[in-house]
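K.L.:
Coordinates in model-v1.tsv, TSV, C-alpha atoms and all ligand atoms, are listed below.
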```tsv
chain	number	residue	atom	x	y	z
A	1	MET	CA	61.29	26.52	-7.16
A	2	ARG	CA	62.18	23.31	-8.96
A	3	LEU	CA	59.71	21.16	-10.83
A	4	GLY	CA	59.51	17.42	-10.70
A	5	TRP	CA	61.14	16.97	-14.08
A	6	GLU	CA	63.93	14.48	-14.15
A	7	CYS	CA	66.63	16.96	-13.27
A	8	GLN	CA	68.83	15.20	-10.81
A	9	ASN	CA	70.79	12.98	-13.16
A	10	HIS	CA	71.66	15.56	-15.76
A	11	PHE	CA	75.04	16.56	-14.42
A	12	VAL	CA	78.05	15.63	-16.50
A	13	LYS	CA	81.71	16.24	-16.04
A	14	SER	CA	83.04	18.92	-18.35
A	15	SER	CA	86.67	18.96	-19.47
A	16	GLY	CA	87.72	21.01	-16.44
A	17	PRO	CA	87.24	20.23	-12.79
A	18	THR	CA	83.84	21.93	-12.66
A	19	ILE	CA	80.63	19.99	-12.99
A	20	LYS	CA	78.29	21.42	-15.59
A	21	ARG	CA	74.62	20.61	-16.10
A	22	ALA	CA	73.97	18.79	-19.35
A	23	LEU	CA	70.60	20.46	-19.77
A	24	PRO	CA	70.23	24.22	-19.52
A	25	ARG	CA	68.01	25.21	-16.60
A	26	ILE	CA	65.45	27.72	-17.78
A	27	GLY	CA	63.16	29.59	-15.43
A	28	VAL	CA	59.52	30.24	-16.19
A	29	LEU	CA	57.99	33.24	-14.47
A	30	ALA	CA	55.14	31.55	-12.61
A	31	ILE	CA	53.09	34.39	-11.20
A	32	GLN	CA	50.07	33.99	-13.43
A	33	GLY	CA	49.23	32.82	-16.94
A	34	ASP	CA	50.17	29.70	-18.86
A	35	TYR	CA	53.54	29.01	-17.29
A	36	ALA	CA	52.86	25.27	-16.93
A	37	ALA	CA	52.51	24.87	-20.71
A	38	HIS	CA	55.84	26.68	-21.16
A	39	ALA	CA	57.53	24.45	-18.61
A	40	ALA	CA	56.29	21.36	-20.48
A	41	ALA	CA	57.37	22.84	-23.83
A	42	LEU	CA	60.85	23.62	-22.48
A	43	ALA	CA	61.21	20.07	-21.21
A	44	GLU	CA	60.21	18.78	-24.65
A	45	ALA	CA	62.74	21.13	-26.24
A	46	GLY	CA	65.61	19.74	-24.17
A	47	ALA	CA	65.79	22.09	-21.18
A	48	GLU	CA	65.18	21.70	-17.48
A	49	PRO	CA	62.35	24.07	-16.54
A	50	SER	CA	62.25	25.71	-13.15
A	51	LEU	CA	59.34	27.80	-11.88
A	52	VAL	CA	60.19	31.34	-10.77
A	53	LYS	CA	57.87	32.59	-8.04
A	54	THR	CA	60.08	34.53	-5.66
A	55	LEU	CA	62.92	37.02	-5.64
A	56	ASP	CA	65.24	34.25	-4.52
A	57	ASP	CA	64.45	32.25	-7.67
A	58	LEU	CA	65.96	35.09	-9.73
A	59	ARG	CA	69.38	35.12	-8.11
A	60	LEU	CA	72.26	35.35	-10.56
A	61	ASP	CA	74.92	33.59	-8.53
A	62	GLY	CA	75.95	29.94	-8.17
A	63	GLU	CA	73.53	27.29	-9.37
A	64	SER	CA	71.16	29.78	-10.90
A	65	LEU	CA	69.07	29.80	-14.04
A	66	ASP	CA	70.59	29.94	-17.53
A	67	GLY	CA	67.64	31.85	-19.00
A	68	ILE	CA	64.01	32.71	-18.40
A	69	VAL	CA	60.63	32.59	-20.11
A	70	LEU	CA	58.05	35.28	-19.38
A	71	PRO	CA	54.75	33.62	-20.30
A	72	GLY	CA	51.47	34.87	-21.68
A	73	GLY	CA	48.69	35.88	-19.34
A	74	GLU	CA	47.83	39.35	-18.11
A	75	SER	CA	50.78	41.71	-18.18
A	76	THR	CA	49.15	44.18	-15.77
A	77	THR	CA	48.70	41.47	-13.13
A	78	MET	CA	52.27	40.25	-13.57
A	79	LEU	CA	53.60	43.80	-13.41
A	80	LYS	CA	51.73	44.54	-10.16
A	81	PHE	CA	53.01	41.32	-8.60
A	82	LEU	CA	56.60	42.03	-9.66
A	83	GLU	CA	56.44	45.54	-8.21
A	84	ARG	CA	54.72	44.47	-4.99
A	85	HIS	CA	57.24	41.70	-4.31
A	86	GLY	CA	60.34	43.68	-5.19
A	87	MET	CA	60.98	41.51	-8.25
A	88	PHE	CA	60.80	44.12	-11.00
A	89	GLU	CA	64.42	45.29	-10.70
A	90	ALA	CA	65.72	41.75	-10.19
A	91	LEU	CA	63.90	40.53	-13.28
A	92	SER	CA	65.22	43.48	-15.25
A	93	GLU	CA	68.78	42.69	-14.12
A	94	PHE	CA	68.27	39.00	-14.92
A	95	CYS	CA	66.99	39.68	-18.45
A	96	ARG	CA	69.85	42.10	-19.08
A	97	THR	CA	72.41	39.41	-18.34
A	98	ARG	CA	70.77	36.11	-19.36
A	99	PRO	CA	68.63	35.09	-22.35
A	100	ALA	CA	64.94	35.85	-21.94
A	101	PHE	CA	61.92	34.85	-24.02
A	102	GLY	CA	58.69	36.80	-23.59
A	103	THR	CA	55.47	35.49	-25.13
A	104	CYS	CA	52.41	37.70	-25.48
A	105	ALA	CA	52.06	39.32	-22.02
A	106	GLY	CA	55.74	38.43	-21.54
A	107	ALA	CA	56.64	40.30	-24.73
A	108	ILE	CA	54.70	43.29	-23.38
A	109	LEU	CA	56.76	43.14	-20.18
A	110	LEU	CA	60.02	43.21	-22.15
A	111	ALA	CA	59.12	46.15	-24.40
A	112	ARG	CA	60.59	49.64	-24.47
A	113	GLU	CA	57.13	51.23	-24.72
A	114	VAL	CA	53.63	49.87	-24.11
A	115	ARG	CA	50.44	51.46	-25.46
A	116	ASN	CA	46.69	50.90	-25.08
A	117	PRO	CA	46.98	51.87	-22.30
A	118	PRO	CA	50.56	52.91	-21.56
A	119	GLN	CA	52.08	50.75	-18.85
A	120	ARG	CA	55.45	50.32	-17.22
A	121	ALA	CA	57.71	47.68	-18.75
A	122	LEU	CA	61.24	46.42	-18.40
A	123	GLY	CA	62.31	48.49	-21.40
A	124	LEU	CA	64.82	45.94	-22.67
A	125	LEU	CA	63.38	45.06	-26.09
A	126	ASP	CA	63.63	48.00	-28.48
A	127	ALA	CA	60.01	47.77	-29.55
A	128	VAL	CA	56.74	49.66	-29.17
A	129	VAL	CA	53.91	47.27	-28.35
A	130	GLU	CA	50.16	47.85	-28.43
A	131	ARG	CA	48.17	45.67	-26.03
A	132	ASN	CA	44.96	43.93	-27.13
A	133	ALA	CA	45.58	45.21	-30.63
A	134	TYR	CA	43.12	42.86	-32.30
A	135	GLY	CA	40.16	43.34	-29.94
A	136	ARG	CA	39.16	41.35	-26.87
A	137	GLN	CA	38.77	37.63	-26.19
A	138	ILE	CA	36.87	36.79	-29.40
A	139	ASP	CA	39.77	38.08	-31.39
A	140	SER	CA	41.87	35.08	-30.76
A	141	ALA	CA	43.10	33.30	-33.86
A	142	ILE	CA	45.34	30.55	-35.14
A	143	LEU	CA	47.36	31.68	-38.15
A	144	HIS	CA	50.29	30.35	-40.12
A	145	SER	CA	53.25	32.46	-41.09
A	146	GLU	CA	56.50	32.22	-42.90
A	147	THR	CA	59.42	32.16	-40.54
A	148	THR	CA	63.11	32.64	-40.97
A	149	LEU	CA	63.64	29.74	-38.54
A	150	ASP	CA	63.28	27.27	-41.42
A	151	PRO	CA	61.19	26.79	-44.60
A	152	GLU	CA	58.13	25.27	-42.88
A	153	PRO	CA	55.43	27.82	-41.96
A	154	LEU	CA	54.88	28.39	-38.26
A	155	GLU	CA	51.56	27.88	-36.49
A	156	MET	CA	50.83	30.89	-34.31
A	157	VAL	CA	48.14	30.92	-31.63
A	158	PHE	CA	47.06	34.48	-30.81
A	159	ILE	CA	45.02	35.23	-27.68
A	160	ARG	CA	44.12	38.88	-27.01
A	161	ALA	CA	47.41	39.50	-28.69
A	162	PRO	CA	49.55	42.60	-28.73
A	163	ARG	CA	50.91	44.05	-31.95
A	164	ILE	CA	54.48	45.16	-32.34
A	165	LEU	CA	54.13	48.64	-33.83
A	166	GLU	CA	57.78	49.59	-34.13
A	167	ILE	CA	61.13	47.90	-33.73
A	168	GLY	CA	64.57	49.41	-33.40
A	169	PRO	CA	67.46	48.71	-35.78
A	170	GLY	CA	68.91	46.02	-33.52
A	171	VAL	CA	65.74	43.93	-33.64
A	172	GLU	CA	65.41	41.11	-36.16
A	173	THR	CA	62.00	39.78	-37.23
A	174	LEU	CA	61.72	35.98	-37.42
A	175	ALA	CA	57.97	35.69	-38.20
A	176	TRP	CA	55.11	38.05	-39.06
A	177	ARG	CA	51.39	38.59	-38.57
A	178	GLU	CA	49.85	40.60	-41.41
A	179	GLY	CA	53.08	42.48	-42.00
A	180	SER	CA	53.79	43.19	-38.31
A	181	PRO	CA	56.61	41.43	-36.49
A	182	ALA	CA	55.22	38.51	-34.47
A	183	LEU	CA	58.48	36.84	-33.43
A	184	VAL	CA	61.52	39.03	-32.87
A	185	ARG	CA	64.99	38.73	-31.53
A	186	GLN	CA	67.38	41.31	-30.14
A	187	GLY	CA	70.62	39.74	-29.01
A	188	THR	CA	69.67	37.14	-26.41
A	189	LEU	CA	66.12	38.49	-26.06
A	190	LEU	CA	63.34	36.72	-27.93
A	191	ALA	CA	59.71	37.88	-28.01
A	192	ALA	CA	56.55	36.47	-29.58
A	193	THR	CA	53.13	38.08	-29.77
A	194	PHE	CA	51.66	34.55	-29.98
A	195	HIS	CA	51.75	31.42	-27.80
A	196	PRO	CA	54.22	28.85	-29.19
A	197	GLU	CA	53.74	26.72	-26.06
A	198	LEU	CA	50.14	26.02	-27.18
A	199	SER	CA	51.20	24.48	-30.50
A	200	SER	CA	52.72	21.04	-30.80
A	201	ASP	CA	55.53	22.46	-32.95
A	202	ARG	CA	58.56	22.96	-30.69
A	203	ARG	CA	60.75	24.93	-33.13
A	204	VAL	CA	60.47	28.22	-31.26
A	205	HIS	CA	61.30	26.70	-27.88
A	206	ARG	CA	64.13	24.70	-29.42
A	207	PHE	CA	65.46	27.93	-30.94
A	208	PHE	CA	65.41	29.60	-27.51
A	209	VAL	CA	67.01	26.60	-25.80
A	210	ALA	CA	69.80	26.72	-28.43
A	211	GLU	CA	70.27	30.44	-27.70
A	212	VAL	CA	70.52	29.67	-24.00
A	213	MET	CA	73.07	26.92	-24.65
A	214	ALA	CA	75.12	29.29	-26.83
A	215	ALA	CA	75.02	32.06	-24.21
A	216	ARG	CA	76.10	29.60	-21.53
A	217	GLY	CA	79.20	28.76	-23.57
B	301	LIG	N1	46.09	40.95	-23.37
B	301	LIG	C1	47.14	40.54	-22.48
B	301	LIG	C2	47.91	41.73	-21.92
B	301	LIG	O1	47.73	42.80	-22.38
B	301	LIG	C3	48.10	39.59	-23.17
B	301	LIG	C4	47.38	38.37	-23.64
B	301	LIG	C5	48.17	37.11	-23.60
B	301	LIG	O2	49.24	37.03	-22.99
B	301	LIG	N2	47.64	36.09	-24.24
B	301	LIG	O3	48.68	41.60	-21.06
```
Can you dump the structure from the file as structure tokens?
Ligand code: GLN
P.N.:
Amino acid sequence: MRLGWECQNHFVKSSGPTIKRALPRIGVLAIQGDYAAHAAALAEAGAEPSLVKTLDDLRLDGESLDGIVLPGGESTTMLKFLERHGMFEALSEFCRTRPAFGTCAGAILLAREVRNPPQRALGLLDAVVERNAYGRQIDSAILHSETTLDPEPLEMVFIRAPRILEIGPGVETLAWREGSPALVRQGTLLAATFHPELSSDRRVHRFFVAEVMAARG
């Protein structure tokens, strides 16, 4: 499903005969959670957001998406929806072949192993993630952390956040919460245990959009 962002005029001629979109088109899984804030943040960061609600939205052929964001919300609810609508395998295939950015519940969906309680996940990000690791709703917090993205500290909004307990050797940490990885990258996968879409700082989304552009060639 396409949003009403100004998408239509962003086609430019590339050097060859093919027409290439000037802006990368990035899907936002729009089953539940704060997908609208991600769509707005992606638009601000120079991408064309496109809501993903059906299996058809995940197709990998033709005029498809260049990447995807899995938003925060409730990972269990998203998981059930994906399984019920035959989207789990398609999403897995999509995230294996295109850049994907999971935030909070989205990071849980990407993980290799989920605890508290154990739950099925896509198993693509080599990380062990504990859900609701800081308590329930009252344990939401806004913190600032050093980031390898640039010298300015990063504002991080945590809401019933998971904690990344372990990461594999191929996973790079880009920001931390109390010594635990809070923003990580593994190839073209990016995951945050916080909600960058709820801050006005667009560095994290810009970073992902740049990754998508690079992967698109
Ligand atoms: N607690 C949620 C879960 O386990 C994640 C919270 C969030 O995405 N803000 O899925």
K.L.:
Tell me, in Å to one decimal, how far atom CA of A:Val114 is from atom CA of A:Arg84.
P.N.:
19.9 Å
K.L.:
Residues within 8 Å of ligand LIG 301 (chain B) should be enumerated using only C-alpha atoms and all ligand atoms and returned as a list of chain:residue names.
P.N.:
A:Gly33, A:Pro71, A:Gly72, A:Gly73, A:Glu74, A:Ser75, A:Thr76, A:Thr77, A:Thr103, A:Cys104, A:Ala105, A:Gly106, A:Ile108, A:Arg131, A:Asn132, A:Arg136, A:Phe158, A:Ile159, A:Arg160, A:Ala161, A:Pro162, A:Thr193, A:Phe194, A:His195
K.L.:
With all atoms listed in the file as the atoms that count, which of A:Ile167, A:Met87, A:Ala191, A:Ala41 lies nearest to A:Phe101?
P.N.:
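Closest candidate: A:Ala191.
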K.L.:
Could you state the separation of atom CA of A:Ala45 and atom CA of A:His205 in Å, given to one decimal place?
P.N.:
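Here the two named atoms are 6.0 Å from each other.
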K.L.:
If we count all atoms listed in the file, what is near A:Leu42 at a cut-off of 9 Å, once residues fewer than 2 positions away on the same chain are taken out, given as JSON, numbers by chain?
P.N.:
{"A": [26, 37, 38, 39, 40, 44, 45, 46, 47, 48, 49, 197, 202, 205, 206, 209]}
K.L.:
Considering only C-alpha atoms, state which residue in the set A:Tyr134, A:Phe94, A:Tyr35, A:Phe207 is at the smallest distance from A:Leu174.
P.N.:
A:Phe207
K.L.:
In file coordinates, which residues lie within 9 Å of (71.4, 33.4, -18.9) using all atoms listed in the file, given as a CSV table (one decimal) with C-alpha atoms, in the coordinates of the input?
P.N.:
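Generated file (result_29.csv):
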```csv
chain,number,residue,atom,x,y,z
A,26,ILE,CA,65.4,27.7,-17.8
A,60,LEU,CA,72.3,35.4,-10.6
A,64,SER,CA,71.2,29.8,-10.9
A,65,LEU,CA,69.1,29.8,-14.0
A,66,ASP,CA,70.6,29.9,-17.5
A,67,GLY,CA,67.6,31.8,-19.0
A,68,ILE,CA,64.0,32.7,-18.4
A,94,PHE,CA,68.3,39.0,-14.9
A,95,CYS,CA,67.0,39.7,-18.4
A,96,ARG,CA,69.8,42.1,-19.1
A,97,THR,CA,72.4,39.4,-18.3
A,98,ARG,CA,70.8,36.1,-19.4
A,99,PRO,CA,68.6,35.1,-22.4
A,100,ALA,CA,64.9,35.8,-21.9
A,188,THR,CA,69.7,37.1,-26.4
A,212,VAL,CA,70.5,29.7,-24.0
A,213,MET,CA,73.1,26.9,-24.6
A,215,ALA,CA,75.0,32.1,-24.2
A,216,ARG,CA,76.1,29.6,-21.5
```
K.L.:
Using only C-alpha atoms, can you tell me which of A:Leu149, A:Val69, A:Val157, A:Leu82 comes closest to A:Ala107?
P.N.:
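Looking at the shortest contact to A:Ala107, the residue is A:Val69.
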K.L.:
Identify which of the residues A:Ala175, A:Asp56, A:Leu110, A:Leu189 lies closest to A:His144, counting all atoms listed in the file when measuring atom-to-atom distances.
P.N.:
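Using all atoms listed in the file, A:His144 sits closest to A:Ala175.
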K.L.:
Pick out the closest residue to A:Val129 from this set: A:Val52, A:Leu23, A:Ala30, A:Ala192. Count all atoms listed in the file.
P.N.:
A:Ala192
K.L.:
I'd like the interatomic distance between atom CA of A:Leu70 and atom CA of A:Asp57, to a tenth of an Å.
P.N.:
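A separation of 13.7 Å between them.
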